[in-house]
$ cat start13.json   # JSON, C-alpha atoms and all ligand atoms
[["chain", "number", "residue", "atom", "x", "y", "z"],
["Y", 255, "MET", "CA", -14.68, -0.78, 3.45],
["Y", 256, "ILE", "CA", -11.11, -0.68, 2.04],
["Y", 257, "ALA", "CA", -9.74, 1.83, -0.46],
["Y", 258, "ALA", "CA", -6.66, 0.42, -2.20],
["Y", 259, "LEU", "CA", -4.17, 2.90, -3.65],
["Y", 260, "ALA", "CA", -1.94, 1.73, -6.51],
["Y", 261, "SER", "CA", 0.31, 3.04, -9.26],
["Y", 262, "GLY", "CA", 2.06, 0.05, -10.78],
["Y", 263, "THR", "CA", 1.51, -3.41, -12.14],
["Y", 264, "GLY", "CA", -1.10, -4.19, -9.51],
["Y", 265, "THR", "CA", 0.14, -7.63, -8.47],
["Y", 266, "ILE", "CA", -0.12, -6.74, -4.79],
["Y", 267, "LEU", "CA", -3.61, -5.37, -5.43],
["Y", 268, "GLU", "CA", -4.47, -8.62, -7.17],
["Y", 269, "ALA", "CA", -3.37, -10.55, -4.08],
["Y", 270, "LEU", "CA", -5.63, -8.41, -1.88],
["Y", 271, "ILE", "CA", -8.54, -9.06, -4.22],
["Y", 272, "SER", "CA", -7.82, -12.81, -4.35],
["Y", 273, "ALA", "CA", -7.79, -12.86, -0.57],
["Y", 274, "GLU", "CA", -11.37, -11.55, -0.79],
["Y", 275, "LEU", "CA", -10.68, -8.46, 1.24],
["Y", 276, "PRO", "CA", -13.57, -5.99, 1.04],
["Y", 277, "ILE", "CA", -12.04, -3.51, -1.43],
["Y", 278, "GLU", "CA", -14.63, -0.96, -2.44],
["Y", 279, "VAL", "CA", -12.54, 1.34, -4.56],
["Y", 280, "VAL", "CA", -9.13, 1.39, -6.20],
["Y", 281, "LEU", "CA", -7.55, 4.81, -6.49],
["Y", 282, "VAL", "CA", -4.64, 5.27, -8.90],
["Y", 283, "ASP", "CA", -2.43, 8.32, -9.36],
["Y", 284, "ARG", "CA", -1.64, 7.62, -13.02],
["Y", 285, "PRO", "CA", -2.88, 5.36, -15.82],
["Y", 286, "CYS", "CA", -1.41, 1.96, -14.90],
["Y", 287, "ALA", "CA", -1.92, -1.79, -15.08],
["Y", 288, "ALA", "CA", -3.49, -1.80, -11.61],
["Y", 289, "GLU", "CA", -6.57, -0.19, -13.22],
["Y", 290, "LYS", "CA", -7.01, -3.30, -15.36],
["Y", 291, "VAL", "CA", -6.76, -5.51, -12.27],
["Y", 292, "ALA", "CA", -9.53, -3.49, -10.59],
["Y", 293, "GLU", "CA", -11.61, -3.47, -13.76],
["Y", 294, "ARG", "CA", -11.41, -7.25, -14.10],
["Y", 295, "ALA", "CA", -12.61, -7.59, -10.52],
["Y", 296, "GLY", "CA", -15.45, -5.12, -11.08],
["Y", 297, "ILE", "CA", -14.13, -2.69, -8.48],
["Y", 298, "PRO", "CA", -14.77, 1.03, -9.08],
["Y", 299, "ILE", "CA", -11.65, 3.00, -10.04],
["Y", 300, "GLU", "CA", -10.81, 6.59, -9.19],
["Y", 301, "LEU", "CA", -8.03, 8.02, -11.34],
["Y", 302, "VAL", "CA", -6.66, 11.10, -9.58],
["Y", 303, "GLU", "CA", -3.84, 11.87, -11.94],
["Y", 304, "ARG", "CA", -0.83, 13.61, -10.44],
["Y", 305, "SER", "CA", 1.61, 15.92, -12.11],
["Y", 306, "PHE", "CA", 5.32, 15.14, -12.31],
["Y", 307, "ALA", "CA", 6.21, 18.74, -13.13],
["Y", 308, "PRO", "CA", 8.47, 20.73, -10.80],
["Y", 309, "GLY", "CA", 6.37, 22.48, -8.17],
["Y", 310, "PHE", "CA", 3.92, 19.59, -7.82],
["Y", 311, "ASP", "CA", 1.44, 20.75, -5.16],
["Y", 312, "ARG", "CA", 1.30, 17.79, -2.76],
["Y", 313, "ASP", "CA", -1.23, 19.43, -0.46],
["Y", 314, "ALA", "CA", -3.68, 20.25, -3.24],
["Y", 315, "TYR", "CA", -3.21, 16.75, -4.66],
["Y", 316, "SER", "CA", -3.91, 15.23, -1.24],
["Y", 317, "GLU", "CA", -7.15, 17.20, -1.03],
["Y", 318, "SER", "CA", -8.14, 15.76, -4.43],
["Y", 319, "ILE", "CA", -7.50, 12.28, -3.10],
["Y", 320, "LEU", "CA", -9.70, 12.96, -0.08],
["Y", 321, "ALA", "CA", -12.46, 14.28, -2.33],
["Y", 322, "ALA", "CA", -12.28, 11.20, -4.57],
["Y", 323, "LEU", "CA", -12.35, 8.81, -1.61],
["Y", 324, "ALA", "CA", -15.12, 10.58, 0.34],
["Y", 325, "PRO", "CA", -18.13, 9.12, -1.52],
["Y", 326, "HIS", "CA", -16.78, 5.60, -0.93],
["Y", 327, "ARG", "CA", -16.46, 6.21, 2.83],
["Y", 328, "PRO", "CA", -13.52, 3.81, 3.32],
["Y", 329, "ARG", "CA", -12.72, 2.68, 6.85],
["Y", 330, "LEU", "CA", -9.21, 1.65, 5.86],
["Y", 331, "ILE", "CA", -6.72, 2.69, 3.19],
["Y", 332, "ALA", "CA", -4.33, 0.02, 1.89],
["Y", 333, "MET", "CA", -1.47, 1.30, -0.22],
["Y", 334, "ALA", "CA", -0.53, -1.33, -2.77],
["Y", 335, "GLY", "CA", 2.47, 0.08, -4.59],
["Y", 336, "PHE", "CA", 1.30, 3.69, -4.55],
["Y", 337, "GLY", "CA", 3.91, 6.00, -6.02],
["Y", 338, "THR", "CA", 2.96, 9.34, -4.48],
["Y", 339, "VAL", "CA", 3.87, 10.46, -0.99],
["Y", 340, "LEU", "CA", 0.61, 11.54, 0.64],
["Y", 341, "GLY", "CA", 0.25, 14.91, 2.36],
["Y", 342, "ALA", "CA", -0.74, 15.74, 5.92],
["Y", 343, "ALA", "CA", -4.47, 16.15, 5.17],
["Y", 344, "VAL", "CA", -4.79, 12.47, 4.25],
["Y", 345, "PHE", "CA", -3.04, 11.34, 7.43],
["Y", 346, "ALA", "CA", -5.26, 13.65, 9.47],
["Y", 347, "ALA", "CA", -8.44, 12.29, 7.88],
["Y", 348, "TYR", "CA", -7.44, 8.62, 8.16],
["Y", 349, "ALA", "CA", -5.10, 8.70, 11.17],
["Y", 350, "GLY", "CA", -3.91, 5.21, 12.07],
["Y", 351, "ARG", "CA", -5.99, 3.71, 9.26],
["Y", 352, "ILE", "CA", -3.53, 3.79, 6.36],
["Y", 353, "LEU", "CA", -1.50, 0.62, 5.79],
["Y", 354, "ASN", "CA", 1.46, 0.08, 3.51],
["Y", 355, "THR", "CA", 3.71, -2.75, 2.40],
["Y", 356, "HIS", "CA", 7.34, -1.91, 1.76],
["Y", 357, "PRO", "CA", 9.96, -4.12, 0.07],
["Y", 358, "SER", "CA", 12.61, -4.08, 2.80],
["Y", 359, "LEU", "CA", 13.02, -4.93, 6.45],
["Y", 360, "LEU", "CA", 12.27, -1.47, 7.80],
["Y", 361, "PRO", "CA", 13.87, 0.62, 9.18],
["Y", 362, "ALA", "CA", 16.50, -0.49, 6.64],
["Y", 363, "PHE", "CA", 16.22, 0.84, 3.10],
["Y", 364, "LYS", "CA", 13.39, 3.34, 3.21],
["Y", 365, "GLY", "CA", 12.08, 5.03, 0.09],
["Y", 366, "TRP", "CA", 11.34, 4.17, -3.50],
["Y", 367, "HIS", "CA", 14.62, 2.32, -4.28],
["Y", 368, "ALA", "CA", 14.61, -0.13, -1.38],
["Y", 369, "VAL", "CA", 15.42, -3.19, -3.47],
["Y", 370, "ALA", "CA", 18.31, -1.55, -5.34],
["Y", 371, "GLN", "CA", 19.65, -0.21, -2.05],
["Y", 372, "ALA", "CA", 19.61, -3.68, -0.49],
["Y", 373, "LEU", "CA", 21.54, -5.06, -3.48],
["Y", 374, "GLY", "CA", 23.96, -2.15, -3.35],
["Y", 375, "ALA", "CA", 24.57, -2.70, 0.35],
["Y", 376, "GLY", "CA", 25.48, -6.35, -0.29],
["Y", 377, "VAL", "CA", 23.17, -7.71, 2.42],
["Y", 378, "SER", "CA", 22.50, -11.45, 2.44],
["Y", 379, "GLU", "CA", 18.86, -10.96, 3.34],
["Y", 380, "THR", "CA", 16.24, -8.30, 2.98],
["Y", 381, "GLY", "CA", 12.47, -8.72, 3.08],
["Y", 382, "CYS", "CA", 9.21, -6.88, 3.41],
["Y", 383, "THR", "CA", 7.38, -4.90, 6.04],
["Y", 384, "VAL", "CA", 3.70, -4.18, 6.53],
["Y", 385, "HIS", "CA", 3.22, -1.07, 8.61],
["Y", 386, "ILE", "CA", 0.84, 1.70, 9.54],
["Y", 387, "ALA", "CA", 1.72, 4.60, 7.29],
["Y", 388, "THR", "CA", 2.45, 7.99, 8.82],
["Y", 389, "LEU", "CA", 3.46, 11.36, 7.44],
["Y", 390, "GLU", "CA", 7.09, 10.36, 7.80],
["Y", 391, "VAL", "CA", 7.69, 8.00, 4.87],
["Y", 392, "ASP", "CA", 8.20, 4.28, 5.70],
["Y", 393, "ALA", "CA", 8.41, 5.04, 9.42],
["Y", 394, "GLY", "CA", 5.09, 4.06, 11.02],
["Y", 395, "PRO", "CA", 4.43, 1.22, 13.49],
["Y", 396, "ILE", "CA", 5.32, -2.19, 12.09],
["Y", 397, "LEU", "CA", 2.58, -4.84, 11.88],
["Y", 398, "ALA", "CA", 4.43, -7.69, 10.14],
["Y", 399, "GLN", "CA", 7.82, -8.45, 8.64],
["Y", 400, "GLU", "CA", 9.35, -11.38, 6.83],
["Y", 401, "ALA", "CA", 12.90, -11.93, 5.64],
["Y", 402, "VAL", "CA", 13.80, -12.93, 2.08],
["Y", 403, "PRO", "CA", 17.24, -14.21, 1.01],
["Y", 404, "VAL", "CA", 19.39, -12.27, -1.47],
["Y", 405, "TYR", "CA", 21.24, -14.49, -3.97],
["Y", 406, "SER", "CA", 24.56, -13.63, -5.57],
["Y", 407, "ASP", "CA", 23.07, -13.61, -9.08],
["Y", 408, "ASP", "CA", 20.09, -11.43, -8.16],
["Y", 409, "ASP", "CA", 19.30, -8.26, -10.01],
["Y", 410, "GLU", "CA", 16.70, -5.75, -8.88],
["Y", 411, "SER", "CA", 13.90, -7.47, -10.71],
["Y", 412, "THR", "CA", 14.57, -11.04, -9.51],
["Y", 413, "LEU", "CA", 15.00, -9.88, -5.93],
["Y", 414, "HIS", "CA", 11.92, -7.65, -6.03],
["Y", 415, "GLU", "CA", 9.84, -10.49, -7.42],
["Y", 416, "ARG", "CA", 11.02, -12.82, -4.60],
["Y", 417, "ILE", "CA", 10.04, -10.14, -2.08],
["Y", 418, "LYS", "CA", 6.68, -9.56, -3.74],
["Y", 419, "GLN", "CA", 5.88, -13.26, -3.53],
["Y", 420, "VAL", "CA", 6.05, -12.86, 0.24],
["Y", 421, "GLU", "CA", 4.19, -9.52, 0.22],
["Y", 422, "ARG", "CA", 1.30, -11.12, -1.67],
["Y", 423, "ARG", "CA", 0.84, -13.51, 1.27],
["Y", 424, "LEU", "CA", 1.87, -11.34, 4.21],
["Y", 425, "TYR", "CA", -0.04, -8.15, 3.34],
["Y", 426, "PRO", "CA", -3.53, -9.67, 2.96],
["Y", 427, "THR", "CA", -3.05, -11.57, 6.24],
["Y", 428, "ALA", "CA", -1.89, -8.45, 8.06],
["Y", 429, "ILE", "CA", -4.80, -6.41, 6.67],
["Y", 430, "ARG", "CA", -7.26, -9.07, 7.78],
["Y", 431, "CYS", "CA", -5.82, -9.03, 11.32],
["Y", 432, "PHE", "CA", -5.90, -5.23, 11.38],
["Y", 433, "LEU", "CA", -9.56, -5.16, 10.26],
["Y", 434, "ALA", "CA", -10.42, -7.68, 12.97],
["Y", 435, "GLY", "CA", -8.74, -5.41, 15.52],
["Y", 436, "MET", "CA", -10.70, -2.40, 14.24],
["Y", 437, "GLN", "CA", -13.90, -4.39, 14.47],
["Y", 438, "ALA", "CA", -13.17, -5.53, 18.02],
["Y", 439, "ALA", "CA", -12.31, -1.98, 19.06],
["Y", 440, "GLY", "CA", -15.55, -0.69, 17.48],
["Y", 441, "ALA", "CA", -17.61, -3.36, 19.22],
["Y", 442, "SER", "CA", -16.07, -2.60, 22.61],
["Y", 443, "ARG", "CA", -16.85, 1.10, 22.11],
["Y", 444, "GLY", "CA", -20.43, 0.05, 21.38],
["Y", 445, "ASP", "CA", -20.37, 1.44, 17.82],
["Y", 446, "LYS", "CA", -23.66, 0.76, 16.08],
["Y", 447, "GLU", "CA", -21.97, 0.16, 12.78],
["Y", 448, "VAL", "CA", -18.67, -1.63, 13.17],
["Y", 449, "PRO", "CA", -16.25, -1.87, 10.25],
["Y", 501, "LIG", "C1", 5.58, -3.74, -3.82],
["Y", 501, "LIG", "O1", 6.88, -4.29, -3.70],
["Y", 501, "LIG", "C2", 5.33, -2.79, -2.68],
["Y", 501, "LIG", "O2", 5.99, -3.13, -1.51],
["Y", 501, "LIG", "C3", 5.91, -1.51, -3.20],
["Y", 501, "LIG", "O3", 5.52, -1.49, -4.55],
["Y", 501, "LIG", "C4", 5.46, -2.83, -5.04],
["Y", 501, "LIG", "C5", 4.16, -2.97, -5.76],
["Y", 501, "LIG", "O4", 4.15, -4.07, -6.61],
["Y", 501, "LIG", "N1", 5.46, -0.39, -2.41],
["Y", 501, "LIG", "P1", 3.05, -4.28, -7.76],
["Y", 501, "LIG", "O5", 3.05, -3.06, -8.64],
["Y", 501, "LIG", "O6", 1.72, -4.47, -7.09],
["Y", 501, "LIG", "O7", 3.50, -5.52, -8.48]]
$ encode --input "start13.json" --output "structure tokens"
Amino acid sequence: MIAALASGTGTILEALISAELPIEVVLVDRPCAAEKVAERAGIPIELVERSFAPGFDRDAYSESILAALAPHRPRLIAMAGFGTVLGAAVFAAYAGRILNTHPSLLPAFKGWHAVAQALGAGVSETGCTVHIATLEVDAGPILAQEAVPVYSDDDESTLHERIKQVERRLYPTAIRCFLAGMQAAGASRGDKEVP
């Protein structure tokens, strides 16, 4: 039912798996530790390797993602530290059904360097945000947020780890609520097969 997209160490993915969410496939955009997490859990992996060369064709890459996901027929996509900005075709195919967790209190500190930006800005708290992903990066409707304190001796890694500890709890809960909402909406429409 869920396709999880990951690129990194896979600790958020691991939290989704531990929460027993129905993850049917893990798609990664590069060889990464998240593959091992999926492998250990016996979840099929799709490696759709991206290029980092100048002129990277985001639209063609997005079509490859759609092709890799299609046989798994996911109802929901959960980004779990996915390092590629998805193109319009993916958002058209899964409109309103792509979730993301971001390590800041959005709309503050969008983008890939959210934790470093929070440290650089000297804020006393930052946090994490679970939201519906849209074509505009880190801008979709917010589903859940939680604040995390910043300590004076924090570096990027200690602060990110403190944020991730919250994400590992908040994201699975938010996904579960979202799935329940999808199910209720499907039932009220009279869908034969509800997610
Ligand atoms: C998380 O902080 C998530 O918000 C961000 O990437 C990180 C993934 O962590 N998008 P991990 O690789 O699962 O440990």
$ residues_near_point --input "start13.json" --point "(-19.1, 5.3, 4.3)" --cutoff "10 Å" --atoms "all atoms listed in the file" --output "PDB file with C-alpha atoms, keeping the file's coordinate frame"
ATOM      1  CA  MET Y 255     -14.680  -0.780   3.450  1.00  0.00           C
ATOM      2  CA  LEU Y 323     -12.350   8.810  -1.610  1.00  0.00           C
ATOM      3  CA  ALA Y 324     -15.120  10.580   0.340  1.00  0.00           C
ATOM      4  CA  PRO Y 325     -18.130   9.120  -1.520  1.00  0.00           C
ATOM      5  CA  HIS Y 326     -16.780   5.600  -0.930  1.00  0.00           C
ATOM      6  CA  ARG Y 327     -16.460   6.210   2.830  1.00  0.00           C
ATOM      7  CA  PRO Y 328     -13.520   3.810   3.320  1.00  0.00           C
ATOM      8  CA  ARG Y 329     -12.720   2.680   6.850  1.00  0.00           C
ATOM      9  CA  PRO Y 449     -16.250  -1.870  10.250  1.00  0.00           C
TER      10      PRO Y 449
END
$ residues_near_ligand --input "start13.json" --ligand "ligand LIG 501 (chain Y)" --cutoff "8 Å" --atoms "all atoms listed in the file" --output "PyMOL selection string"
chain Y and resi 260-268+288+333-337+354-358+366+382-383+414-415+417-418+421
$ write_last_selection --input "start13.json" --atoms "C-alpha atoms" --output "CSV table (one decimal), in the frame of the given file"
chain,number,residue,atom,x,y,z
Y,260,ALA,CA,-1.9,1.7,-6.5
Y,261,SER,CA,0.3,3.0,-9.3
Y,262,GLY,CA,2.1,0.0,-10.8
Y,263,THR,CA,1.5,-3.4,-12.1
Y,264,GLY,CA,-1.1,-4.2,-9.5
Y,265,THR,CA,0.1,-7.6,-8.5
Y,266,ILE,CA,-0.1,-6.7,-4.8
Y,267,LEU,CA,-3.6,-5.4,-5.4
Y,268,GLU,CA,-4.5,-8.6,-7.2
Y,288,ALA,CA,-3.5,-1.8,-11.6
Y,333,MET,CA,-1.5,1.3,-0.2
Y,334,ALA,CA,-0.5,-1.3,-2.8
Y,335,GLY,CA,2.5,0.1,-4.6
Y,336,PHE,CA,1.3,3.7,-4.6
Y,337,GLY,CA,3.9,6.0,-6.0
Y,354,ASN,CA,1.5,0.1,3.5
Y,355,THR,CA,3.7,-2.8,2.4
Y,356,HIS,CA,7.3,-1.9,1.8
Y,357,PRO,CA,10.0,-4.1,0.1
Y,358,SER,CA,12.6,-4.1,2.8
Y,366,TRP,CA,11.3,4.2,-3.5
Y,382,CYS,CA,9.2,-6.9,3.4
Y,383,THR,CA,7.4,-4.9,6.0
Y,414,HIS,CA,11.9,-7.6,-6.0
Y,415,GLU,CA,9.8,-10.5,-7.4
Y,417,ILE,CA,10.0,-10.1,-2.1
Y,418,LYS,CA,6.7,-9.6,-3.7
Y,421,GLU,CA,4.2,-9.5,0.2
$ residues_around --input "start13.json" --residues "Y:Leu270" --least-positions-apart "5" --cutoff "12 Å" --atoms "all atoms listed in the file" --output "JSON, numbers by chain"
{"Y": [256, 257, 258, 259, 260, 264, 265, 275, 276, 277, 278, 280, 288, 291, 292, 295, 332, 333, 334, 355, 421, 422, 423, 424, 425, 426, 427, 428, 429, 430]}
$ write_last_selection --input "start13.json" --atoms "C-alpha atoms" --output "short mmCIF file (atom, residue, chain, number, x, y, z; two decimals), in the coordinates of the input"
data_model
loop_
_atom_site.label_atom_id
_atom_site.label_comp_id
_atom_site.auth_asym_id
_atom_site.auth_seq_id
_atom_site.Cartn_x
_atom_site.Cartn_y
_atom_site.Cartn_z
CA ILE Y 256 -11.11 -0.68 2.04
CA ALA Y 257 -9.74 1.83 -0.46
CA ALA Y 258 -6.66 0.42 -2.20
CA LEU Y 259 -4.17 2.90 -3.65
CA ALA Y 260 -1.94 1.73 -6.51
CA GLY Y 264 -1.10 -4.19 -9.51
CA THR Y 265 0.14 -7.63 -8.47
CA LEU Y 275 -10.68 -8.46 1.24
CA PRO Y 276 -13.57 -5.99 1.04
CA ILE Y 277 -12.04 -3.51 -1.43
CA GLU Y 278 -14.63 -0.96 -2.44
CA VAL Y 280 -9.13 1.39 -6.20
CA ALA Y 288 -3.49 -1.80 -11.61
CA VAL Y 291 -6.76 -5.51 -12.27
CA ALA Y 292 -9.53 -3.49 -10.59
CA ALA Y 295 -12.61 -7.59 -10.52
CA ALA Y 332 -4.33 0.02 1.89
CA MET Y 333 -1.47 1.30 -0.22
CA ALA Y 334 -0.53 -1.33 -2.77
CA THR Y 355 3.71 -2.75 2.40
CA GLU Y 421 4.19 -9.52 0.22
CA ARG Y 422 1.30 -11.12 -1.67
CA ARG Y 423 0.84 -13.51 1.27
CA LEU Y 424 1.87 -11.34 4.21
CA TYR Y 425 -0.04 -8.15 3.34
CA PRO Y 426 -3.53 -9.67 2.96
CA THR Y 427 -3.05 -11.57 6.24
CA ALA Y 428 -1.89 -8.45 8.06
CA ILE Y 429 -4.80 -6.41 6.67
CA ARG Y 430 -7.26 -9.07 7.78
#
$ closest_residue --input "start13.json" --among "Y:Leu433, Y:Ala401, Y:Ala370, Y:Val420" --to "Y:Ile352" --atoms "all atoms listed in the file"
Y:Leu433
$ atom_distance --input "start13.json" --atom1 "atom CA of Y:Glu274" --atom2 "atom CA of Y:Arg294"
14.0 Å
$ atom_distance --input "start13.json" --atom1 "atom CA of Y:Gly381" --atom2 "atom CA of Y:Pro285"
28.1 Å
$ residues_around --input "start13.json" --residues "Y:Pro361" --least-positions-apart "2" --cutoff "8 Å" --atoms "all atoms listed in the file" --output "list in words"
Leu359, Phe363, Lys364, Asp392 and Ala393 of chain Y
$ axis_aligned_box --input "start13.json" --around "stretch 309-319 of chain Y" --padding-each-side "6 Å" --output "lines of an AutoDock Vina configuration file"
center_x = -0.9
center_y = 17.4
center_z = -4.3
size_x = 26.5
size_y = 22.2
size_z = 19.7
$ closest_residue --input "start13.json" --among "Y:Ala307, Y:Val339, Y:Ile271, Y:Gly394" --to "Y:Asp283" --atoms "only C-alpha atoms"
Y:Val339
$ atom_distance --input "start13.json" --atom1 "atom CA of Y:Phe345" --atom2 "atom CA of Y:Ala387"
8.3 Å
$ residues_around --input "start13.json" --residues "Y:Gly376" --least-positions-apart "5" --cutoff "12 Å" --atoms "only C-alpha atoms" --output "PyMOL selection string"
chain Y and resi 369-371+403-409
$ closest_residue --input "start13.json" --among "Y:Gly296, Y:Gly341, Y:Gly365, Y:Gly350" --to "Y:Tyr315" --atoms "only C-alpha atoms"
Y:Gly341
$ closest_residue --input "start13.json" --among "Y:Glu390, Y:Leu353, Y:Glu300, Y:Ala439" --to "Y:Leu330" --atoms "all atoms listed in the file"
Y:Leu353
$ decode --input "start13.json" --residues "stretch 363-379 of chain Y" --atoms "N, CA and C atoms" --output "PDB file, in the first residue's frame"
ATOM      1  N   PHE Y 363      13.228  27.450   7.139  1.00  0.00           N
ATOM      2  CA  PHE Y 363      14.341  26.582   6.744  1.00  0.00           C
ATOM      3  C   PHE Y 363      13.940  25.455   5.791  1.00  0.00           C
ATOM      4  N   LYS Y 364      13.499  25.841   4.622  1.00  0.00           N
ATOM      5  CA  LYS Y 364      13.194  24.859   3.580  1.00  0.00           C
ATOM      6  C   LYS Y 364      14.497  24.355   2.963  1.00  0.00           C
ATOM      7  N   GLY Y 365      14.393  23.234   2.279  1.00  0.00           N
ATOM      8  CA  GLY Y 365      15.536  22.753   1.491  1.00  0.00           C
ATOM      9  C   GLY Y 365      16.410  21.754   2.231  1.00  0.00           C
ATOM     10  N   TRP Y 366      17.475  21.388   1.574  1.00  0.00           N
ATOM     11  CA  TRP Y 366      18.312  20.262   1.978  1.00  0.00           C
ATOM     12  C   TRP Y 366      19.169  20.573   3.205  1.00  0.00           C
ATOM     13  N   HIS Y 367      19.393  21.876   3.526  1.00  0.00           N
ATOM     14  CA  HIS Y 367      20.312  22.222   4.611  1.00  0.00           C
ATOM     15  C   HIS Y 367      19.573  22.836   5.802  1.00  0.00           C
ATOM     16  N   ALA Y 368      18.383  22.317   6.072  1.00  0.00           N
ATOM     17  CA  ALA Y 368      17.505  22.914   7.077  1.00  0.00           C
ATOM     18  C   ALA Y 368      18.150  22.960   8.470  1.00  0.00           C
ATOM     19  N   VAL Y 369      18.880  21.919   8.815  1.00  0.00           N
ATOM     20  CA  VAL Y 369      19.449  21.864  10.168  1.00  0.00           C
ATOM     21  C   VAL Y 369      20.593  22.875  10.292  1.00  0.00           C
ATOM     22  N   ALA Y 370      21.465  22.918   9.283  1.00  0.00           N
ATOM     23  CA  ALA Y 370      22.562  23.894   9.291  1.00  0.00           C
ATOM     24  C   ALA Y 370      22.013  25.314   9.279  1.00  0.00           C
ATOM     25  N   GLN Y 371      20.956  25.526   8.543  1.00  0.00           N
ATOM     26  CA  GLN Y 371      20.358  26.878   8.486  1.00  0.00           C
ATOM     27  C   GLN Y 371      19.809  27.294   9.846  1.00  0.00           C
ATOM     28  N   ALA Y 372      19.178  26.357  10.547  1.00  0.00           N
ATOM     29  CA  ALA Y 372      18.638  26.672  11.874  1.00  0.00           C
ATOM     30  C   ALA Y 372      19.773  27.047  12.824  1.00  0.00           C
ATOM     31  N   LEU Y 373      20.871  26.280  12.758  1.00  0.00           N
ATOM     32  CA  LEU Y 373      22.032  26.594  13.610  1.00  0.00           C
ATOM     33  C   LEU Y 373      22.598  27.958  13.245  1.00  0.00           C
ATOM     34  N   GLY Y 374      22.719  28.193  11.953  1.00  0.00           N
ATOM     35  CA  GLY Y 374      23.272  29.462  11.464  1.00  0.00           C
ATOM     36  C   GLY Y 374      22.427  30.650  11.874  1.00  0.00           C
ATOM     37  N   ALA Y 375      21.114  30.432  11.963  1.00  0.00           N
ATOM     38  CA  ALA Y 375      20.205  31.532  12.299  1.00  0.00           C
ATOM     39  C   ALA Y 375      20.191  31.802  13.807  1.00  0.00           C
ATOM     40  N   GLY Y 376      20.779  30.885  14.584  1.00  0.00           N
ATOM     41  CA  GLY Y 376      20.854  31.081  16.032  1.00  0.00           C
ATOM     42  C   GLY Y 376      19.510  30.947  16.744  1.00  0.00           C
ATOM     43  N   VAL Y 377      18.592  30.171  16.169  1.00  0.00           N
ATOM     44  CA  VAL Y 377      17.283  29.999  16.824  1.00  0.00           C
ATOM     45  C   VAL Y 377      17.420  29.112  18.063  1.00  0.00           C
ATOM     46  N   SER Y 378      16.528  29.296  19.030  1.00  0.00           N
ATOM     47  CA  SER Y 378      16.622  28.479  20.239  1.00  0.00           C
ATOM     48  C   SER Y 378      15.787  27.213  20.109  1.00  0.00           C
ATOM     49  N   GLU Y 379      14.906  27.183  19.117  1.00  0.00           N
ATOM     50  CA  GLU Y 379      14.236  25.916  18.826  1.00  0.00           C
ATOM     51  C   GLU Y 379      13.968  25.789  17.326  1.00  0.00           C
TER      52      GLU Y 379
END
